[in-house]
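Participant: Input final09.txt, format and content: compact mmCIF, C-alpha atoms.
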# COMPACT_ATOMS: atom_id res chain seq x y z
CA MET A 310 56.40 -40.45 83.36
CA SER A 311 57.28 -41.96 80.02
CA LYS A 312 56.09 -39.98 77.01
CA GLU A 313 54.44 -41.45 73.94
CA LEU A 314 55.74 -40.85 70.45
CA VAL A 315 53.37 -39.29 67.95
CA PHE A 316 55.44 -39.61 64.82
CA THR A 317 55.53 -42.46 62.34
CA LEU A 318 57.22 -43.34 59.08
CA ASP A 319 55.76 -45.81 56.61
CA GLU A 320 57.70 -48.91 55.54
CA LEU A 321 59.43 -47.33 52.54
CA GLU A 322 60.29 -44.14 54.47
CA LEU A 323 61.85 -46.19 57.27
CA ASP A 324 63.71 -48.25 54.65
CA ALA A 325 65.01 -45.06 53.04
CA LEU A 326 66.07 -43.60 56.39
CA THR A 327 67.89 -46.81 57.32
CA GLU A 328 69.69 -46.79 53.96
CA LEU A 329 70.60 -43.13 54.44
CA VAL A 330 72.13 -43.93 57.83
CA ASN A 331 73.82 -47.06 56.49
CA VAL A 332 75.57 -45.12 53.74
CA GLY A 333 76.52 -42.28 56.10
CA VAL A 334 77.90 -44.58 58.79
CA SER A 335 79.70 -46.80 56.26
CA ARG A 336 81.53 -43.74 54.95
CA ALA A 337 82.30 -42.66 58.53
CA ALA A 338 83.65 -46.14 59.32
CA SER A 339 86.00 -45.81 56.37
CA SER A 340 87.35 -42.58 57.90
CA LEU A 341 87.80 -44.31 61.27
CA ARG A 342 89.60 -47.18 59.56
CA THR A 343 92.11 -44.70 58.13
CA MET A 344 92.67 -43.25 61.61
CA VAL A 345 93.12 -46.52 63.55
CA GLY A 346 94.78 -48.58 60.81
CA SER A 347 92.50 -51.61 61.35
CA GLU A 348 89.27 -52.71 59.78
CA VAL A 349 86.11 -51.30 61.38
CA LEU A 350 83.31 -53.85 61.59
CA LEU A 351 79.75 -52.54 61.29
CA ALA A 352 76.47 -54.10 62.31
CA VAL A 353 73.37 -53.57 60.18
CA PRO A 354 71.94 -50.26 61.47
CA ARG A 355 68.86 -50.16 63.61
CA VAL A 356 66.54 -47.21 63.25
CA GLU A 357 63.71 -46.65 65.66
CA MET A 358 61.54 -43.86 66.88
CA MET A 359 61.71 -43.82 70.64
CA THR A 360 61.87 -41.46 73.57
CA TYR A 361 65.27 -40.38 74.85
CA GLU A 362 64.55 -42.30 78.07
CA ARG A 363 64.21 -45.52 76.09
CA ALA A 364 67.34 -44.74 74.05
CA ALA A 365 69.31 -44.19 77.27
CA LYS A 366 67.90 -47.44 78.71
CA LEU A 367 68.88 -49.34 75.56
CA ILE A 368 72.49 -48.22 75.82
CA GLY A 369 72.43 -48.84 79.58
CA GLU A 370 71.33 -52.45 79.03
CA ARG A 371 74.29 -53.04 76.74
CA GLU A 372 76.93 -51.06 78.60
CA SER A 373 77.09 -51.29 82.37
CA GLY A 374 80.06 -48.93 82.89
CA GLU A 375 80.57 -45.23 82.34
CA LEU A 376 80.37 -43.92 78.79
CA VAL A 377 82.05 -41.16 76.89
CA ALA A 378 80.33 -39.44 73.96
CA VAL A 379 81.40 -36.94 71.36
CA HIS A 380 78.37 -34.84 70.63
CA GLN A 381 77.82 -32.45 67.72
CA SER A 382 74.71 -30.44 66.97
CA PHE A 383 73.55 -29.90 63.42
CA ASN A 384 71.06 -27.48 62.00
CA GLY A 385 69.60 -26.49 58.68
CA GLU A 386 66.32 -27.75 57.27
CA ILE A 387 66.63 -30.46 59.92
CA SER A 388 68.21 -30.00 63.34
CA GLY A 389 69.40 -32.39 65.99
CA GLY A 390 72.39 -34.02 67.56
CA ALA A 391 74.74 -36.79 66.53
CA MET A 392 76.79 -38.75 69.03
CA LEU A 393 79.69 -41.13 68.88
CA ILE A 394 79.45 -43.16 72.08
CA PHE A 395 82.10 -45.45 73.59
CA PRO A 396 82.46 -47.26 76.89
CA GLU A 397 84.83 -44.96 78.81
CA ILE A 398 87.17 -47.89 79.36
CA ASN A 399 87.72 -48.00 75.55
CA SER A 400 88.71 -44.40 75.11
CA LEU A 401 92.43 -44.74 75.93
CA GLU A 402 92.65 -47.76 73.62
CA LEU A 403 91.10 -45.65 70.87
CA VAL A 404 93.64 -42.88 71.43
CA ARG A 405 96.43 -45.48 71.47
CA ALA A 406 95.18 -46.88 68.15
CA ILE A 407 95.02 -43.43 66.57
CA THR A 408 98.44 -42.31 67.78
CA GLY A 409 100.11 -45.53 66.66
CA GLY A 410 100.85 -47.06 70.06
CA GLY A 411 104.31 -45.58 70.59
CA LEU A 412 103.39 -42.97 73.21
CA PRO A 413 103.78 -43.40 76.99
CA LEU A 414 100.57 -43.63 79.04
CA GLU A 415 100.85 -40.08 80.45
CA ASP A 416 100.98 -38.65 76.92
CA ILE A 417 98.02 -40.77 75.85
CA ILE A 418 96.03 -39.54 78.87
CA ALA A 419 97.00 -35.95 78.06
CA LEU A 420 95.83 -36.37 74.47
CA GLU A 421 92.60 -38.18 75.31
CA GLN A 422 90.13 -35.29 75.16
CA GLU A 423 91.65 -33.75 72.06
CA ALA A 424 91.91 -37.10 70.25
CA LEU A 425 88.31 -38.05 71.11
CA ALA A 426 87.04 -34.67 69.89
CA GLU A 427 88.95 -34.96 66.63
CA THR A 428 87.87 -38.59 66.09
CA GLY A 429 84.26 -37.66 66.72
CA ASN A 430 84.54 -34.64 64.48
CA ILE A 431 85.83 -36.68 61.52
CA ILE A 432 83.38 -39.55 61.97
CA LEU A 433 80.26 -37.49 62.70
CA ASN A 434 81.03 -34.92 60.00
CA GLY A 435 81.58 -37.75 57.48
CA CYS A 436 78.29 -39.34 58.46
CA LEU A 437 76.26 -36.10 58.51
CA ALA A 438 77.79 -34.73 55.31
CA THR A 439 76.95 -37.93 53.43
CA ILE A 440 73.37 -37.81 54.72
CA ALA A 441 73.07 -34.11 53.79
CA ASN A 442 74.39 -34.80 50.28
CA MET A 443 71.92 -37.63 49.77
CA LEU A 444 69.08 -35.40 50.96
CA GLU A 445 70.43 -32.61 48.73
CA ARG A 446 70.51 -30.18 51.65
CA THR A 447 73.21 -28.35 53.61
CA LEU A 448 73.71 -28.94 57.32
CA ASN A 449 75.68 -26.66 59.62
CA ILE A 450 77.61 -28.75 62.13
CA SER A 451 78.84 -27.46 65.51
CA LEU A 452 82.20 -28.08 67.14
CA PRO A 453 82.48 -31.37 69.06
CA GLU A 454 81.70 -31.53 72.77
CA ILE A 455 82.85 -34.39 75.02
CA ILE A 456 80.32 -35.77 77.50
CA HIS A 457 81.13 -38.31 80.23
CA GLY A 458 78.51 -40.22 82.20
CA SER A 459 75.90 -42.95 82.17
CA GLY A 460 73.57 -43.44 79.18
CA SER A 461 70.92 -41.23 80.81
CA GLU A 462 73.41 -38.50 81.66
CA ILE A 463 74.80 -38.45 78.12
CA PHE A 464 71.38 -38.09 76.53
CA ALA A 465 70.28 -35.56 79.16
CA ARG A 466 73.33 -33.37 78.55
CA SER A 467 73.10 -33.51 74.77
CA GLN A 468 70.68 -30.56 75.17
CA LEU A 469 67.83 -32.01 73.15
CA LEU A 470 65.44 -32.70 75.96
CA GLU A 471 64.07 -29.19 76.12
CA ALA A 472 63.11 -29.30 72.45
CA ASP A 473 60.36 -31.90 72.25
CA THR A 474 59.19 -35.22 73.52
CA ALA A 475 59.50 -37.29 70.36
CA VAL A 476 63.03 -38.32 69.53
CA LEU A 477 64.37 -40.36 66.69
CA PHE A 478 67.03 -42.69 67.91
CA LEU A 479 69.06 -44.66 65.50
CA TYR A 480 72.19 -46.47 66.25
CA ILE A 481 74.78 -48.67 64.73
CA ASN A 482 77.14 -50.85 66.69
CA PHE A 483 80.70 -50.95 65.48
CA SER A 484 83.98 -52.49 66.61
CA VAL A 485 87.61 -52.31 65.56
CA ARG A 486 89.22 -55.59 64.48
CA ASP A 487 91.97 -56.82 66.85
CA ARG A 488 91.37 -53.91 69.25
CA ASP A 489 89.20 -53.76 72.33
CA ILE A 490 87.18 -50.88 70.93
CA HIS A 491 83.50 -50.80 70.23
CA GLY A 492 80.86 -48.12 70.27
CA TYR A 493 77.70 -46.65 68.85
CA ILE A 494 76.69 -43.81 66.61
CA ALA A 495 73.37 -42.25 67.54
CA MET A 496 71.29 -39.42 66.14
CA LEU A 497 68.56 -37.56 67.94
CA MET A 498 65.99 -35.23 66.49
CA ASP A 499 62.98 -33.41 67.81
CA LEU A 500 59.49 -33.60 66.35
CA PRO A 501 59.62 -30.55 64.00
CA SER A 502 62.87 -31.85 62.52
CA LEU A 503 61.45 -35.33 62.11
CA THR A 504 58.56 -33.84 60.16
CA ALA A 505 61.02 -31.95 57.94
CA LEU A 506 63.13 -35.12 57.58
CA LYS A 507 60.06 -37.11 56.53
CA ALA A 508 59.43 -34.57 53.73
CA LEU A 509 63.07 -34.71 52.58
CA ILE A 510 63.01 -38.51 52.60
CA GLY A 511 59.83 -38.37 50.53
CA ARG A 512 61.66 -36.30 47.92
CA MET A 513 64.62 -38.68 47.99
CA ILE A 514 62.24 -41.59 47.36
CA GLU A 515 60.70 -39.67 44.45
CA ARG A 516 64.17 -39.11 42.97
CA ALA A 517 64.91 -42.84 43.20
CA GLY A 518 61.42 -43.77 42.09
CA GLY A 519 59.75 -44.70 38.87
CA GLU A 520 61.43 -48.09 38.68
CA SER A 521 60.18 -49.68 41.85
CA THR A 522 58.75 -52.82 40.30
CA PRO A 523 61.22 -55.44 39.14
CA ASP A 524 60.46 -57.79 36.26
CA HIS A 525 60.90 -60.67 38.73
CA ALA A 526 61.27 -60.63 42.49
CA ALA A 527 61.94 -63.45 44.89
CA ARG A 528 58.98 -62.45 47.02
CA MET B 1083 66.95 -62.84 24.76
CA ALA B 1084 67.21 -59.79 27.06
CA THR B 1085 70.14 -59.62 29.44
CA LYS B 1086 69.02 -60.30 33.03
CA VAL B 1087 70.43 -58.31 35.94
CA LEU B 1088 69.88 -59.42 39.55
CA ILE B 1089 69.89 -56.57 42.12
CA VAL B 1090 70.35 -57.71 45.75
CA ASP B 1091 69.90 -55.19 48.57
CA ASP B 1092 67.92 -55.31 51.81
CA SER B 1093 66.89 -51.70 51.17
CA LYS B 1094 64.07 -51.21 48.69
CA LEU B 1095 65.21 -47.61 48.17
CA ALA B 1096 68.69 -48.80 47.22
CA ARG B 1097 67.19 -51.33 44.77
CA MET B 1098 65.03 -48.56 43.28
CA SER B 1099 68.06 -46.33 42.87
CA VAL B 1100 70.09 -49.03 41.09
CA ALA B 1101 67.07 -49.91 38.94
CA LYS B 1102 66.68 -46.29 37.88
CA HIS B 1103 70.30 -46.06 36.72
CA LEU B 1104 70.06 -49.46 35.05
CA SER B 1105 66.92 -48.51 33.14
CA ALA B 1106 68.59 -45.32 31.93
CA LEU B 1107 71.70 -47.17 30.78
CA ARG B 1108 70.19 -50.42 29.48
CA PRO B 1109 66.42 -49.89 29.02
CA GLY B 1110 65.85 -53.24 27.32
CA TRP B 1111 67.35 -55.38 30.06
CA THR B 1112 65.32 -57.46 32.48
CA ARG B 1113 65.61 -56.69 36.20
CA LEU B 1114 65.37 -59.25 38.98
CA GLU B 1115 65.38 -58.17 42.64
CA ALA B 1116 66.12 -59.91 45.94
CA ALA B 1117 66.20 -58.51 49.48
CA ASN B 1118 68.66 -61.00 50.99
CA ALA B 1119 71.15 -63.74 50.17
CA GLU B 1120 68.65 -66.57 50.39
CA GLU B 1121 66.32 -64.93 47.89
CA ALA B 1122 69.27 -64.06 45.66
CA LEU B 1123 70.49 -67.67 45.53
CA SER B 1124 66.99 -68.89 44.80
CA LEU B 1125 66.61 -66.40 41.92
CA ALA B 1126 70.12 -67.09 40.60
CA ASN B 1127 69.41 -70.83 40.40
CA ARG B 1128 65.96 -70.33 38.86
CA GLU B 1129 66.37 -67.37 36.51
CA PHE B 1130 70.08 -67.60 35.59
CA PRO B 1131 70.91 -63.86 35.63
CA ASP B 1132 73.72 -62.63 33.40
CA ILE B 1133 74.97 -59.95 35.82
CA ILE B 1134 74.58 -59.54 39.60
CA LEU B 1135 74.79 -56.37 41.76
CA LEU B 1136 75.07 -57.02 45.52
CA ASP B 1137 74.83 -54.82 48.59
CA PHE B 1138 77.53 -55.57 51.21
CA ASN B 1139 75.91 -54.86 54.59
CA MET B 1140 72.77 -57.01 54.75
CA PRO B 1141 71.13 -58.89 57.63
CA GLY B 1142 72.14 -62.56 57.61
CA GLN B 1143 74.67 -63.46 54.96
CA SER B 1144 76.75 -60.45 53.81
CA GLY B 1145 77.17 -59.46 50.18
CA LEU B 1146 80.81 -60.60 50.29
CA GLU B 1147 79.87 -64.08 51.52
CA LEU B 1148 77.16 -64.24 48.86
CA ALA B 1149 79.60 -63.09 46.16
CA ALA B 1150 82.06 -65.85 47.14
CA GLN B 1151 79.27 -68.43 47.05
CA LEU B 1152 78.02 -67.20 43.66
CA HIS B 1153 81.58 -67.18 42.33
CA GLU B 1154 81.80 -70.91 43.16
CA THR B 1155 78.46 -71.90 41.72
CA HIS B 1156 78.21 -69.40 38.83
CA PRO B 1157 81.84 -68.45 38.07
CA LEU B 1158 81.05 -66.85 34.71
CA ILE B 1159 78.55 -64.29 36.02
CA PRO B 1160 80.05 -60.78 36.47
CA VAL B 1161 79.31 -59.66 40.05
CA ALA B 1162 79.65 -56.21 41.63
CA ILE B 1163 79.57 -55.37 45.36
CA VAL B 1164 77.87 -52.00 45.86
CA SER B 1165 78.71 -50.43 49.23
CA ALA B 1166 79.49 -47.14 50.97
CA ASN B 1167 81.94 -49.10 53.14
CA ILE B 1168 85.05 -48.24 51.13
CA GLN B 1169 87.57 -49.65 53.61
CA VAL B 1170 90.50 -51.28 51.82
CA GLU B 1171 89.75 -54.65 53.46
CA ILE B 1172 86.25 -54.69 51.96
CA VAL B 1173 87.43 -53.64 48.51
CA GLU B 1174 90.18 -56.29 48.62
CA ARG B 1175 87.79 -59.00 49.78
CA ALA B 1176 85.39 -58.10 46.98
CA GLY B 1177 88.25 -58.69 44.54
CA GLN B 1178 89.14 -61.99 46.21
CA ALA B 1179 85.50 -63.08 45.83
CA GLY B 1180 85.75 -62.36 42.12
CA ALA B 1181 83.61 -59.21 42.31
CA THR B 1182 84.05 -55.61 41.20
CA PHE B 1183 83.65 -52.97 43.94
CA LEU B 1184 81.32 -50.02 43.26
CA ALA B 1185 80.95 -47.19 45.80
CA LYS B 1186 77.55 -46.20 47.16
CA PRO B 1187 75.76 -43.85 46.50
CA LEU B 1188 76.08 -45.46 43.07
CA ARG B 1189 77.01 -43.08 40.29
CA GLU B 1190 75.71 -43.79 36.80
CA ALA B 1191 79.19 -43.46 35.25
CA ALA B 1192 80.61 -46.12 37.61
CA LEU B 1193 77.71 -48.47 36.87
CA ALA B 1194 78.11 -47.84 33.13
CA ALA B 1195 81.81 -48.79 33.29
CA PHE B 1196 80.99 -52.00 35.16
CA LEU B 1197 78.20 -52.91 32.71
CA ASP B 1198 80.48 -52.25 29.71
CA ALA B 1199 83.14 -54.56 31.18
CA ALA B 1200 80.51 -57.16 32.09
CA GLU B 1201 79.08 -57.09 28.55
CA ALA B 1202 82.56 -57.60 27.13
CA ARG B 1203 82.93 -60.68 29.37
CA LEU B 1204 79.51 -61.97 28.36
CA ALA B 1205 79.96 -61.43 24.61
CA PRO B 1206 81.83 -64.66 23.76
CA ARG B 1207 79.29 -66.81 25.59
Spit out the file's structure as structure tokens when you get a sec.
Facilitator:
Amino acid sequence: MSKELVFTLDELELDALTELVNVGVSRAASSLRTMVGSEVLLAVPRVEMMTYERAAKLIGERESGELVAVHQSFNGEISGGAMLIFPEINSLELVRAITGGGLPLEDIIALEQEALAETGNIILNGCLATIANMLERTLNISLPEIIHGSGSEIFARSQLLEADTAVLFLYINFSVRDRDIHGYIAMLMDLPSLTALKALIGRMIERAGGESTPDHAAR
Amino acid sequence: MATKVLIVDDSKLARMSVAKHLSALRPGWTRLEAANAEEALSLANREFPDIILLDFNMPGQSGLELAAQLHETHPLIPVAIVSANIQVEIVERAGQAGATFLAKPLREAALAAFLDAAEARLAPR
């Protein structure tokens, strides 16, 4: 049975969270660009509160094949998981891009797990560290874990399901110019962490506040 | 007449953050705000800002496309692209569009340097 979410953010809190993710992912994309040597194109991030079932369904609607995810847990004042998700068919192309394209296929296959873990580690750490800095908090980040499977299997094995029913899912679609590589970055949090995150976002808004009304606005 | 600065970002929080720095650095200046390219163009044509600060990653037209358009129609206005996307291609394209690149989260010192340079460009006008 599908579970209902019981957590909400107001318009400015959602705006602030989206901006937080946008800055974090933009920095992470810059790290990925350095690794693959080609521009990384980013969509405008989408941030939604939804159940993990809906998040899995959303990815499943976009990606019909098997997926591979690099998952890292984080904890501190907020806890959760961050995932870098690719269609599995893209993963060798990603390794080829990172290693410069000169290696034979057997070497690329041998390096796949290690290269995915390292790529995920750099991207997810970059994203989470930027978010932690903006929230003025420290996050402890686990070692990367590689998960293969469908959207449902990936979310089920990211070990968040036991925690709570309400899950924040936010994702950003990215692709690498001139390479057949695209993927998603997703973050999942349980209800107690979302409550803590809401408080931290409130403080971030206060720090930015005091000048919220322009002299003229277009709307 | 007070110098007018147009801040363009789809995030209200990001506009608030820029506004806070701007008020600290240039308290007498007038702030204009827009949440997308369409609003920005409308304000630029109506209010004639002296300086424009643009976000890069916005729904619809991107900040780079908007900067190029503004550079054609208002070539004398100093424009900065403010983005956390510090990939070399983005920084280069900002330069090609006639804009200065400022990294997000925006630091007051970086904004101050841009405003100083912009004021120097505006002075002879």
Participant: Could you check how far CA of Tyr361 (chain A) sits from CA of Ile456 (chain A), in Å to one decimal?
Facilitator: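 For CA of Tyr361 (chain A) relative to CA of Ile456 (chain A), the distance reads 16.0 Å.
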Participant: Up to 9 Å from (84.5, -47.3, 49.0) in the file's coordinates: name the residues, counting only C-alpha atoms, as an MDAnalysis selection string.
Facilitator: (chainID A and resid 335:336 339) or (chainID B and resid 1164:1170 1172:1173 1183:1186)
Participant: Select residues of chain B: the criterion is any atom within 8 Å of an atom of chain A, counting all atoms listed in the file; output as JSON, numbers by chain.
Facilitator: {"B": [1093, 1094, 1095, 1096, 1097, 1098, 1099, 1101, 1102, 1105, 1112, 1113, 1114, 1115, 1116, 1117, 1121, 1122, 1124, 1125, 1139, 1140, 1141, 1165, 1166, 1167, 1168, 1169, 1171, 1186, 1187]}
Participant: Please, what distance in Å, to one decimal, runs between CA of Gly1142 (chain B) and CA of Glu1120 (chain B)?
Facilitator: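 Calculated distance between CA of Gly1142 (chain B) and CA of Glu1120 (chain B) is 9.0 Å.
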Participant: Give me the residues near region 1202-1205 of chain B as a PDB file with C-alpha atoms, in the frame of the given file, where near means some atom within 10 Å (using only C-alpha atoms) and where sequence neighbours in that chain fewer than 5 positions away do not count.
Facilitator:
ATOM      1  CA  THR B1085      70.140 -59.620  29.440  1.00  0.00           C
ATOM      2  CA  ASP B1132      73.720 -62.630  33.400  1.00  0.00           C
ATOM      3  CA  ILE B1133      74.970 -59.950  35.820  1.00  0.00           C
ATOM      4  CA  LEU B1158      81.050 -66.850  34.710  1.00  0.00           C
ATOM      5  CA  ILE B1159      78.550 -64.290  36.020  1.00  0.00           C
ATOM      6  CA  PRO B1160      80.050 -60.780  36.470  1.00  0.00           C
ATOM      7  CA  PHE B1196      80.990 -52.000  35.160  1.00  0.00           C
ATOM      8  CA  LEU B1197      78.200 -52.910  32.710  1.00  0.00           C
TER       9      LEU B1197
END
Participant: For the atom pair CA of Val377 (chain A) and CA of Glu357 (chain A), what is the interatomic distance in Å to one decimal place?
Facilitator: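 According to the coordinates, CA of Val377 (chain A) and CA of Glu357 (chain A) are separated by 22.2 Å.
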Participant: Fewer than 6 positions away in the same chain doesn't count, so skip those; otherwise give me all residues within 10 Å of Leu1123 (chain B), counting all atoms listed in the file, as number ranges by chain.
Facilitator: A: 527; B: 1090, 1116, 1129-1130, 1148, 1151-1152, 1155
Participant: List the spatial neighbours of region 445-455 of chain A as a PyMOL selection string - criterion: any atom at most 7 Å away, all atoms listed in the file, same-chain residues fewer than 6 positions off excluded.
Facilitator: chain A and resi 378-385+426+429-430
Participant: Let me know the centre plus edge lengths, in Å and rounded to one decimal, of a box with edges along x, y and z that contains all listed atoms of region 1113-1122 of chain B and is padded by 6 Å on every side, as AutoDock Vina command-line options.
Facilitator:
--center_x 68.3 --center_y -61.6 --center_z 43.6 --size_x 17.8 --size_y 21.9 --size_z 26.8
